[in-house]
$ cat upload_22.tsv   # TSV, C-alpha atoms
chain	number	residue	atom	x	y	z
A	26	MET	CA	-7.68	-23.75	15.82
A	27	GLU	CA	-5.68	-21.05	14.07
A	28	ASN	CA	-2.94	-23.48	13.07
A	29	THR	CA	-5.47	-25.95	11.72
A	30	LEU	CA	-7.92	-23.64	9.99
A	31	GLY	CA	-6.10	-20.34	9.41
A	32	LEU	CA	-5.07	-20.86	5.79
A	33	GLU	CA	-8.19	-22.79	4.88
A	34	ILE	CA	-10.63	-20.12	6.01
A	35	ILE	CA	-8.70	-17.61	3.90
A	36	GLU	CA	-9.28	-19.86	0.91
A	37	VAL	CA	-12.98	-20.09	1.82
A	38	VAL	CA	-13.48	-16.32	1.63
A	39	GLU	CA	-11.23	-16.03	-1.43
A	40	GLN	CA	-13.33	-18.51	-3.40
A	41	ALA	CA	-16.55	-16.76	-2.41
A	42	ALA	CA	-15.12	-13.38	-3.39
A	43	ILE	CA	-13.87	-14.57	-6.78
A	44	ALA	CA	-17.20	-16.16	-7.62
A	45	SER	CA	-19.15	-13.05	-6.64
A	46	ALA	CA	-16.75	-10.64	-8.36
A	47	ARG	CA	-17.53	-12.22	-11.72
A	48	TRP	CA	-20.96	-10.61	-11.36
A	49	MET	CA	-19.68	-7.18	-10.36
A	50	GLY	CA	-21.53	-4.39	-12.13
A	51	LYS	CA	-24.09	-6.65	-13.80
A	52	GLY	CA	-27.03	-5.53	-11.68
A	53	GLU	CA	-27.74	-9.07	-10.45
A	54	LYS	CA	-27.41	-8.90	-6.66
A	55	ASN	CA	-29.16	-12.23	-6.03
A	56	THR	CA	-26.87	-14.05	-8.45
A	57	ALA	CA	-23.79	-12.37	-6.97
A	58	ASP	CA	-24.86	-13.65	-3.57
A	59	GLN	CA	-25.87	-17.12	-4.77
A	60	VAL	CA	-22.56	-17.91	-6.45
A	61	ALA	CA	-20.67	-16.67	-3.38
A	62	VAL	CA	-22.72	-18.97	-1.16
A	63	GLU	CA	-22.11	-21.96	-3.41
A	64	ALA	CA	-18.37	-21.32	-3.62
A	65	MET	CA	-18.02	-20.77	0.12
A	66	ARG	CA	-19.95	-23.91	0.99
A	67	GLU	CA	-18.04	-26.05	-1.52
A	68	ARG	CA	-14.67	-25.00	-0.06
A	69	MET	CA	-15.89	-25.38	3.54
A	70	ASN	CA	-16.93	-28.95	2.87
A	71	LYS	CA	-13.35	-29.83	1.93
A	72	ILE	CA	-12.01	-28.85	5.36
A	73	TYR	CA	-11.33	-31.43	8.06
A	74	MET	CA	-13.63	-29.92	10.65
A	75	ARG	CA	-16.98	-30.31	12.38
A	76	GLY	CA	-18.65	-27.00	11.69
A	77	ARG	CA	-22.14	-25.67	12.33
A	78	ILE	CA	-23.60	-22.51	10.79
A	79	VAL	CA	-24.97	-20.26	13.55
A	80	ILE	CA	-25.29	-17.16	11.38
A	81	GLY	CA	-25.95	-17.84	7.75
A	82	GLU	CA	-27.95	-16.79	4.77
A	83	GLY	CA	-30.83	-15.84	7.00
A	84	GLU	CA	-34.38	-16.70	7.78
A	85	ARG	CA	-35.73	-14.20	5.25
A	86	ASP	CA	-34.23	-16.05	2.30
A	87	ASP	CA	-35.21	-19.64	3.21
A	88	ALA	CA	-31.73	-20.43	1.95
A	89	PRO	CA	-30.92	-23.98	0.78
A	90	MET	CA	-27.20	-23.58	1.60
A	91	LEU	CA	-25.30	-22.18	4.57
A	92	TYR	CA	-28.58	-21.89	6.44
A	93	ILE	CA	-28.65	-21.62	10.22
A	94	GLY	CA	-28.01	-25.04	11.71
A	95	GLU	CA	-26.39	-26.56	8.62
A	96	GLU	CA	-23.38	-28.75	9.35
A	97	VAL	CA	-20.32	-28.23	7.16
A	98	GLY	CA	-16.92	-29.84	6.81
A	99	ILE	CA	-15.70	-33.30	5.81
A	100	CYS	CA	-16.14	-34.56	9.34
A	101	THR	CA	-19.89	-33.90	9.36
A	102	ARG	CA	-20.55	-36.26	6.45
A	103	GLU	CA	-22.22	-39.61	6.98
A	104	ASP	CA	-19.03	-41.34	5.87
A	105	ALA	CA	-16.83	-39.07	8.01
A	106	LYS	CA	-15.06	-41.97	9.73
A	107	GLU	CA	-13.47	-42.90	6.42
A	108	TYR	CA	-11.68	-39.53	6.35
A	109	CYS	CA	-11.14	-38.52	9.97
A	110	ASN	CA	-11.96	-39.26	13.57
A	111	PRO	CA	-14.82	-36.83	14.26
A	112	ASP	CA	-14.56	-37.34	18.01
A	113	GLU	CA	-11.05	-35.89	18.06
A	114	LEU	CA	-12.05	-32.63	16.40
A	115	VAL	CA	-13.27	-29.55	18.21
A	116	GLU	CA	-16.79	-28.60	17.19
A	117	ILE	CA	-16.86	-25.07	15.84
A	118	ASP	CA	-19.56	-22.47	15.23
A	119	ILE	CA	-19.39	-20.42	12.06
A	120	ALA	CA	-20.93	-17.07	11.15
A	121	VAL	CA	-20.89	-16.29	7.44
A	122	ASP	CA	-21.81	-13.56	5.01
A	123	PRO	CA	-20.56	-14.81	1.63
A	124	CYS	CA	-21.37	-11.51	-0.07
A	125	GLU	CA	-21.59	-8.66	2.42
A	126	GLY	CA	-22.97	-5.82	0.35
A	127	THR	CA	-24.79	-7.52	-2.53
A	128	ASN	CA	-25.96	-4.19	-3.93
A	129	LEU	CA	-22.38	-2.95	-3.89
A	130	VAL	CA	-21.33	-5.84	-6.12
A	131	ALA	CA	-24.35	-5.55	-8.39
A	132	TYR	CA	-23.74	-1.86	-9.08
A	133	GLY	CA	-19.95	-1.89	-9.06
A	134	GLN	CA	-19.57	0.11	-5.85
A	135	ASN	CA	-16.82	-0.08	-3.25
A	136	GLY	CA	-16.84	-1.96	0.04
A	137	SER	CA	-18.20	-5.45	-0.58
A	138	MET	CA	-16.49	-8.42	1.07
A	139	ALA	CA	-16.85	-12.14	1.66
A	140	VAL	CA	-16.62	-12.61	5.43
A	141	LEU	CA	-16.81	-15.24	8.13
A	142	ALA	CA	-16.04	-15.69	11.81
A	143	ILE	CA	-15.46	-18.93	13.68
A	144	SER	CA	-15.12	-20.02	17.28
A	145	GLU	CA	-15.56	-23.18	19.30
A	146	LYS	CA	-19.10	-24.44	19.85
A	147	GLY	CA	-21.14	-21.82	21.73
A	148	GLY	CA	-18.54	-19.13	21.12
A	149	LEU	CA	-20.64	-16.94	18.82
A	150	PHE	CA	-23.97	-15.33	19.68
A	151	ALA	CA	-26.68	-16.81	17.46
A	152	ALA	CA	-28.27	-13.48	16.59
A	153	PRO	CA	-31.81	-13.56	15.22
A	154	ASP	CA	-32.37	-12.06	11.79
A	155	PHE	CA	-33.38	-8.76	13.37
A	156	TYR	CA	-31.70	-5.39	13.37
A	157	MET	CA	-29.14	-4.08	15.81
A	158	LYS	CA	-28.13	-0.66	17.06
A	159	LYS	CA	-24.33	-0.57	16.81
A	160	LEU	CA	-21.43	1.44	18.11
A	161	ALA	CA	-17.91	0.66	16.95
A	162	ALA	CA	-14.81	2.66	17.88
A	163	PRO	CA	-11.00	2.36	18.02
A	164	PRO	CA	-9.18	0.43	20.79
A	165	LEU	CA	-8.24	3.67	22.60
A	166	ALA	CA	-11.93	4.38	23.11
A	167	ARG	CA	-12.85	0.89	24.26
A	168	GLY	CA	-14.94	1.04	27.41
A	169	HIS	CA	-15.15	4.82	27.29
A	170	VAL	CA	-17.76	5.43	24.61
A	171	ASP	CA	-21.17	3.95	25.35
A	172	ILE	CA	-24.11	3.08	23.12
A	173	ASN	CA	-26.48	4.49	25.77
A	174	LYS	CA	-24.90	7.94	25.46
A	175	SER	CA	-25.87	10.42	22.78
A	176	ALA	CA	-23.82	10.79	19.62
A	177	THR	CA	-22.69	14.19	20.86
A	178	GLU	CA	-21.42	12.76	24.14
A	179	ASN	CA	-19.62	9.90	22.42
A	180	LEU	CA	-17.95	12.26	19.97
A	181	LYS	CA	-16.59	14.32	22.87
A	182	ILE	CA	-15.27	11.15	24.49
A	183	LEU	CA	-13.75	9.97	21.19
A	184	SER	CA	-12.10	13.34	20.76
A	185	GLU	CA	-10.45	13.02	24.17
A	186	CYS	CA	-9.44	9.37	23.73
A	187	LEU	CA	-7.92	9.91	20.30
A	188	ASN	CA	-6.50	13.35	21.04
A	189	ARG	CA	-8.26	14.76	17.99
A	190	ALA	CA	-10.61	17.65	17.53
A	191	ILE	CA	-14.20	16.61	16.96
A	192	GLU	CA	-13.97	18.30	13.56
A	193	GLU	CA	-11.30	15.75	12.60
A	194	LEU	CA	-13.48	12.73	13.40
A	195	VAL	CA	-15.25	10.72	10.70
A	196	VAL	CA	-18.32	8.67	11.58
A	197	VAL	CA	-19.73	6.07	9.21
A	198	VAL	CA	-23.52	5.82	9.10
A	199	MET	CA	-25.73	3.78	6.79
A	200	ASP	CA	-27.76	6.02	4.50
A	201	ARG	CA	-31.23	5.20	5.75
A	202	PRO	CA	-34.28	7.35	6.63
A	203	ARG	CA	-34.11	6.07	10.21
A	204	HIS	CA	-30.75	7.79	10.65
A	205	LYS	CA	-31.87	11.29	9.67
A	206	GLU	CA	-31.72	12.66	13.23
A	207	LEU	CA	-28.49	10.81	14.04
A	208	ILE	CA	-26.75	12.25	10.98
A	209	GLN	CA	-27.97	15.72	11.85
A	210	GLU	CA	-26.69	15.41	15.44
A	211	ILE	CA	-23.26	14.19	14.36
A	212	ARG	CA	-22.90	17.11	11.97
A	213	GLN	CA	-24.10	19.63	14.53
A	214	ALA	CA	-21.51	18.29	16.97
A	215	GLY	CA	-18.85	19.17	14.39
A	216	ALA	CA	-17.82	15.73	13.14
A	217	ARG	CA	-17.93	14.56	9.56
A	218	VAL	CA	-20.27	11.83	8.28
A	219	ARG	CA	-19.44	9.21	5.70
A	220	LEU	CA	-22.67	7.72	4.38
A	221	ILE	CA	-22.66	4.16	3.06
A	222	SER	CA	-25.43	2.35	1.24
A	223	ASP	CA	-24.47	-1.13	2.48
A	224	GLY	CA	-21.63	-3.04	4.09
A	225	ASP	CA	-21.25	-1.91	7.69
A	226	VAL	CA	-18.95	-4.82	8.64
A	227	SER	CA	-16.10	-3.19	6.74
A	228	ALA	CA	-16.88	0.16	8.38
A	229	ALA	CA	-16.86	-1.33	11.87
A	230	ILE	CA	-13.55	-3.11	11.36
A	231	SER	CA	-11.97	-0.02	9.84
A	232	CYS	CA	-12.40	1.75	13.18
A	233	ALA	CA	-9.76	-0.52	14.70
A	234	PHE	CA	-7.06	0.26	12.12
A	235	SER	CA	-5.08	3.47	12.18
A	236	GLY	CA	-4.92	5.36	8.93
A	237	THR	CA	-8.35	4.39	7.60
A	238	ASN	CA	-9.84	7.79	8.53
A	239	VAL	CA	-12.81	5.99	10.09
A	240	HIS	CA	-13.24	6.71	13.79
A	241	ALA	CA	-16.68	5.35	14.60
A	242	LEU	CA	-19.65	3.44	13.25
A	243	MET	CA	-23.03	4.51	14.57
A	244	GLY	CA	-26.60	3.55	13.77
A	245	ILE	CA	-28.78	0.54	13.06
A	246	GLY	CA	-27.87	-2.34	10.77
A	247	ALA	CA	-28.46	-6.06	10.52
A	248	ALA	CA	-27.90	-8.05	13.72
A	249	PRO	CA	-26.07	-11.05	12.17
A	250	GLU	CA	-23.48	-8.72	10.65
A	251	GLY	CA	-23.13	-7.15	14.08
A	252	VAL	CA	-21.91	-10.45	15.50
A	253	ILE	CA	-19.37	-10.84	12.70
A	254	SER	CA	-18.14	-7.28	13.30
A	255	ALA	CA	-17.91	-7.97	17.04
A	256	ALA	CA	-15.77	-11.04	16.41
A	257	ALA	CA	-13.23	-9.01	14.44
A	258	LEU	CA	-13.22	-6.10	16.90
A	259	ARG	CA	-12.80	-8.42	19.85
A	260	CYS	CA	-9.64	-9.81	18.23
A	261	LEU	CA	-8.41	-6.30	17.45
A	262	GLY	CA	-9.18	-4.85	20.88
A	263	GLY	CA	-11.62	-2.36	19.43
A	264	HIS	CA	-14.89	-1.20	20.94
A	265	PHE	CA	-18.15	-2.77	19.85
A	266	GLN	CA	-21.60	-2.70	21.40
A	267	GLY	CA	-24.85	-3.96	19.96
A	268	GLN	CA	-28.47	-3.78	21.06
A	269	LEU	CA	-31.20	-5.74	19.28
A	270	ILE	CA	-33.93	-3.66	17.66
A	271	TYR	CA	-37.25	-5.52	17.65
A	272	ASP	CA	-39.71	-2.70	16.93
A	273	PRO	CA	-40.68	-2.52	13.21
A	274	GLU	CA	-41.49	1.17	13.64
A	275	VAL	CA	-37.85	1.94	14.42
A	276	VAL	CA	-36.29	0.41	11.31
A	277	LYS	CA	-39.27	1.05	9.03
A	278	THR	CA	-38.30	-1.72	6.61
A	279	GLY	CA	-37.27	-5.34	6.37
A	280	LEU	CA	-37.69	-6.49	9.94
A	281	ILE	CA	-39.06	-9.99	10.42
A	282	GLY	CA	-42.29	-9.99	12.40
A	283	GLU	CA	-45.48	-8.04	12.15
A	284	SER	CA	-45.33	-6.31	15.51
A	285	LYS	CA	-43.13	-5.36	18.42
A	286	GLU	CA	-45.03	-7.76	20.66
A	287	SER	CA	-44.62	-10.77	18.36
A	288	ASN	CA	-40.91	-10.08	18.06
A	289	ILE	CA	-40.47	-9.92	21.83
A	290	ALA	CA	-42.27	-13.26	22.10
A	291	ARG	CA	-39.96	-14.70	19.44
A	292	LEU	CA	-36.88	-13.52	21.29
A	293	LYS	CA	-38.13	-15.19	24.48
A	294	GLU	CA	-38.53	-18.45	22.55
A	295	MET	CA	-34.88	-18.12	21.61
A	296	GLY	CA	-33.91	-17.71	25.26
A	297	ILE	CA	-33.43	-13.94	25.13
A	298	ASP	CA	-35.37	-12.72	28.17
A	299	ASN	CA	-33.99	-9.18	28.14
A	300	PRO	CA	-34.60	-7.87	24.61
A	301	ASP	CA	-33.06	-4.48	25.49
A	302	LYS	CA	-29.74	-5.89	26.70
A	303	VAL	CA	-26.64	-4.15	25.39
A	304	TYR	CA	-24.03	-6.70	24.28
A	305	ASN	CA	-20.33	-6.00	24.02
A	306	ALA	CA	-17.81	-7.70	21.74
A	307	ASP	CA	-16.80	-10.24	24.40
A	308	GLU	CA	-20.43	-11.34	24.75
A	309	LEU	CA	-21.21	-11.53	21.05
A	310	ALA	CA	-17.96	-13.41	20.36
A	311	SER	CA	-17.32	-15.13	23.69
A	312	GLY	CA	-15.24	-18.12	22.61
A	313	ASP	CA	-11.76	-18.81	23.92
A	314	THR	CA	-10.51	-18.61	20.35
A	315	VAL	CA	-12.05	-16.42	17.67
A	316	LEU	CA	-10.96	-16.19	14.05
A	317	PHE	CA	-12.20	-13.71	11.47
A	318	ALA	CA	-11.52	-13.74	7.74
A	319	ALA	CA	-12.54	-11.44	4.91
A	320	CYS	CA	-11.69	-11.06	1.24
A	321	GLY	CA	-12.47	-7.96	-0.78
A	322	ILE	CA	-14.94	-8.43	-3.61
A	323	THR	CA	-14.94	-4.78	-4.68
A	324	PRO	CA	-12.27	-2.27	-3.55
A	325	GLY	CA	-12.63	-1.04	0.02
A	326	THR	CA	-10.96	0.88	2.82
A	327	LEU	CA	-9.02	-2.15	4.05
A	328	MET	CA	-8.62	-4.39	1.01
A	329	GLU	CA	-8.54	-4.30	-2.76
A	330	GLY	CA	-11.28	-6.09	-4.63
A	331	VAL	CA	-10.80	-9.08	-6.90
A	332	ARG	CA	-8.71	-8.20	-9.93
A	333	PHE	CA	-8.98	-10.55	-12.89
A	334	PHE	CA	-6.28	-10.96	-15.53
A	335	LYS	CA	-5.77	-13.45	-18.35
A	336	GLY	CA	-5.65	-16.88	-16.78
A	337	GLY	CA	-6.13	-15.88	-13.16
A	338	ALA	CA	-7.08	-13.40	-10.48
A	339	ARG	CA	-5.53	-11.52	-7.61
A	340	THR	CA	-7.20	-11.15	-4.21
A	341	GLN	CA	-6.47	-9.39	-0.97
A	342	SER	CA	-7.69	-10.93	2.28
A	343	LEU	CA	-7.55	-10.24	6.00
A	344	VAL	CA	-7.42	-12.86	8.74
A	345	ILE	CA	-7.58	-11.83	12.39
A	346	SER	CA	-6.92	-14.14	15.32
A	347	SER	CA	-7.53	-13.78	19.04
A	348	GLN	CA	-5.17	-16.71	19.58
A	349	SER	CA	-2.02	-15.23	18.04
A	350	ARG	CA	-3.23	-11.63	18.39
A	351	THR	CA	-2.45	-10.92	14.77
A	352	ALA	CA	-4.11	-9.27	11.79
A	353	ARG	CA	-2.63	-10.59	8.57
A	354	PHE	CA	-3.22	-9.11	5.14
A	355	VAL	CA	-2.79	-11.79	2.49
A	356	ASP	CA	-2.17	-10.99	-1.17
A	357	THR	CA	-2.85	-14.01	-3.37
A	358	ILE	CA	-2.44	-14.85	-7.04
A	359	HIS	CA	-4.93	-17.50	-8.19
A	360	MET	CA	-3.76	-19.38	-11.28
A	361	PHE	CA	-6.67	-20.68	-13.32
A	362	GLU	CA	-4.33	-21.75	-16.12
A	363	GLU	CA	-0.82	-23.15	-16.30
A	364	PRO	CA	1.67	-20.63	-14.79
A	365	LYS	CA	3.58	-20.25	-18.07
A	366	THR	CA	0.52	-18.69	-19.72
A	367	LEU	CA	-0.19	-16.17	-16.98
A	368	GLN	CA	0.28	-12.43	-17.24
A	369	LEU	CA	0.80	-11.46	-13.62
A	370	ARG	CA	-0.12	-7.80	-13.94
$ encode --input "upload_22.tsv" --output "structure tokens"
Amino acid sequence: MENTLGLEIIEVVEQAAIASARWMGKGEKNTADQVAVEAMRERMNKIYMRGRIVIGEGERDDAPMLYIGEEVGICTREDAKEYCNPDELVEIDIAVDPCEGTNLVAYGQNGSMAVLAISEKGGLFAAPDFYMKKLAAPPLARGHVDINKSATENLKILSECLNRAIEELVVVVMDRPRHKELIQEIRQAGARVRLISDGDVSAAISCAFSGTNVHALMGIGAAPEGVISAAALRCLGGHFQGQLIYDPEVVKTGLIGESKESNIARLKEMGIDNPDKVYNADELASGDTVLFAACGITPGTLMEGVRFFKGGARTQSLVISSQSRTARFVDTIHMFEEPKTLQLR
């Protein structure tokens, strides 16, 4: 899978990032997302694959493209047999977020990315468009910290695993009213808090890389992004746990469903009998092979954003593979004009 799709999925996220970056700072978050979706889908449909979107633009949006269940790739077309032998290709599941952090792009803030994860059919958890309590931590803390423990307990464990004083730890938390008590507890324990307005996929992945000065992600964010984060952290050997949040009173905003009871019923319809189950990275991204790719739209902890110059653009991407056990940073020059006219600066 990596050999066949590795370069192409990088190009998928690059095209989405470039399209979205053109709207950076213009205050148009919906447009920044829309153009990223269109660019990502167009490039996906040029790949020789049989793909199915299991996490896409979401039920809230009633999206016409990259919606859950949409088939993508040349080999899903009606005339596929003219281009390939569909029966010889492995069916793959795809989780996408063409513009993770739409507000970040709209207002010119750091940390937005175009991201996707892929695995063979059934290899990615088809998370409902609910929220998820998340805990991400570095590989050294994998299996030691626990989402069921308090923030104070987990910080003590992190301190021991990383051989750092609690005062040296940095925890990323989304700046939401629901996290008021969590933020207070982290600070009282002695650790430092980095508040973000959006984009917790980048924060989760940063936990697995030394030198980012991010040691944990705690709190509640969107469930689909939790699966994408889990895919990356599984490949990197980092710690990730997620627990679905189905009570509107907990998140206070944006949750599909009018009541806790109706959401539980909806989860049962989806085959989720234990709504309180805690999932780890291996369960959320369970496939034999998992690939993750991201491209910076605006500058972030891991990657630079898209940088335009006369006649082209420069991007920085990250592709992570469970197959080759690699994390590759890819720096690309995109030439919109003839090379002789470019100013590669």
$ atom_distance --input "upload_22.tsv" --atom1 "atom CA of A:Cys186" --atom2 "atom CA of A:Leu220"
23.5 Å
$ residues_around --input "upload_22.tsv" --residues "stretch 342-353 of chain A" --least-positions-apart "3" --cutoff "7 Å" --atoms "only C-alpha atoms" --output "tab-separated table (two decimals) with C-alpha atoms, keeping the file's coordinate frame"
chain	number	residue	atom	x	y	z
A	35	ILE	CA	-8.70	-17.61	3.90
A	257	ALA	CA	-13.23	-9.01	14.44
A	260	CYS	CA	-9.64	-9.81	18.23
A	314	THR	CA	-10.51	-18.61	20.35
A	315	VAL	CA	-12.05	-16.42	17.67
A	316	LEU	CA	-10.96	-16.19	14.05
A	317	PHE	CA	-12.20	-13.71	11.47
A	318	ALA	CA	-11.52	-13.74	7.74
A	319	ALA	CA	-12.54	-11.44	4.91
A	320	CYS	CA	-11.69	-11.06	1.24
A	321	GLY	CA	-12.47	-7.96	-0.78
A	328	MET	CA	-8.62	-4.39	1.01
A	356	ASP	CA	-2.17	-10.99	-1.17
$ residues_around --input "upload_22.tsv" --residues "stretch 242-256 of chain A" --least-positions-apart "4" --cutoff "6 Å" --atoms "only C-alpha atoms" --output "PyMOL selection string"
chain A and resi 142+152+155-161+196-198+226+229+265+306+309-310
$ residues_around --input "upload_22.tsv" --residues "A:Asn110" --least-positions-apart "6" --cutoff "12 Å" --atoms "only C-alpha atoms" --output "PyMOL selection string"
chain A and resi 73-75+99-102+104
$ closest_residue --input "upload_22.tsv" --among "A:Gly224, A:Asp307, A:Pro163, A:Val276" --to "A:Gly236" --atoms "all atoms listed in the file"
A:Pro163
$ atom_distance --input "upload_22.tsv" --atom1 "atom CA of A:Val239" --atom2 "atom CA of A:Asp225"
11.8 Å
$ axis_aligned_box --input "upload_22.tsv" --around "stretch 174-190 of chain A" --padding-each-side "3 Å" --output "JSON"
{"center_x": -16.2, "center_y": 12.8, "center_z": 21.5, "size_x": 25.4, "size_y": 15.7, "size_z": 13.9}
$ residues_around --input "upload_22.tsv" --residues "stretch 167-169 of chain A" --least-positions-apart "5" --cutoff "10 Å" --atoms "all atoms listed in the file" --output "PyMOL selection string"
chain A and resi 161-162+179+182-183+185-186+262-266+305
$ residues_around --input "upload_22.tsv" --residues "A:Gly98" --least-positions-apart "6" --cutoff "9 Å" --atoms "all atoms listed in the file" --output "list of chain:residue names"
A:Arg66, A:Arg68, A:Met69, A:Asn70, A:Lys71, A:Ile72, A:Tyr73, A:Met74, A:Arg75, A:Gly76, A:Arg77
$ write_last_selection --input "upload_22.tsv" --atoms "C-alpha atoms" --output "PDB file, in the coordinates of the input"
ATOM      1  CA  ARG A  66     -19.950 -23.910   0.990  1.00  0.00           C
ATOM      2  CA  ARG A  68     -14.670 -25.000  -0.060  1.00  0.00           C
ATOM      3  CA  MET A  69     -15.890 -25.380   3.540  1.00  0.00           C
ATOM      4  CA  ASN A  70     -16.930 -28.950   2.870  1.00  0.00           C
ATOM      5  CA  LYS A  71     -13.350 -29.830   1.930  1.00  0.00           C
ATOM      6  CA  ILE A  72     -12.010 -28.850   5.360  1.00  0.00           C
ATOM      7  CA  TYR A  73     -11.330 -31.430   8.060  1.00  0.00           C
ATOM      8  CA  MET A  74     -13.630 -29.920  10.650  1.00  0.00           C
ATOM      9  CA  ARG A  75     -16.980 -30.310  12.380  1.00  0.00           C
ATOM     10  CA  GLY A  76     -18.650 -27.000  11.690  1.00  0.00           C
ATOM     11  CA  ARG A  77     -22.140 -25.670  12.330  1.00  0.00           C
TER      12      ARG A  77
END
$ residues_near_point --input "upload_22.tsv" --point "(-30.5, 10.9, 13.3)" --cutoff "12 Å" --atoms "only C-alpha atoms" --output "list in words"
Ser175, Ala176, Thr177, Val198, Met199, Asp200, Arg201, Pro202, Arg203, His204, Lys205, Glu206, Leu207, Ile208, Gln209, Glu210, Ile211, Arg212, Gln213, Val218, Met243, Gly244, Ile245 and Val275 of chain A
$ residues_near_point --input "upload_22.tsv" --point "(-22.7, -17.0, -5.5)" --cutoff "8 Å" --atoms "all atoms listed in the file" --output "MDAnalysis selection string"
chainID A and resid 41 44:45 56:64 123:124
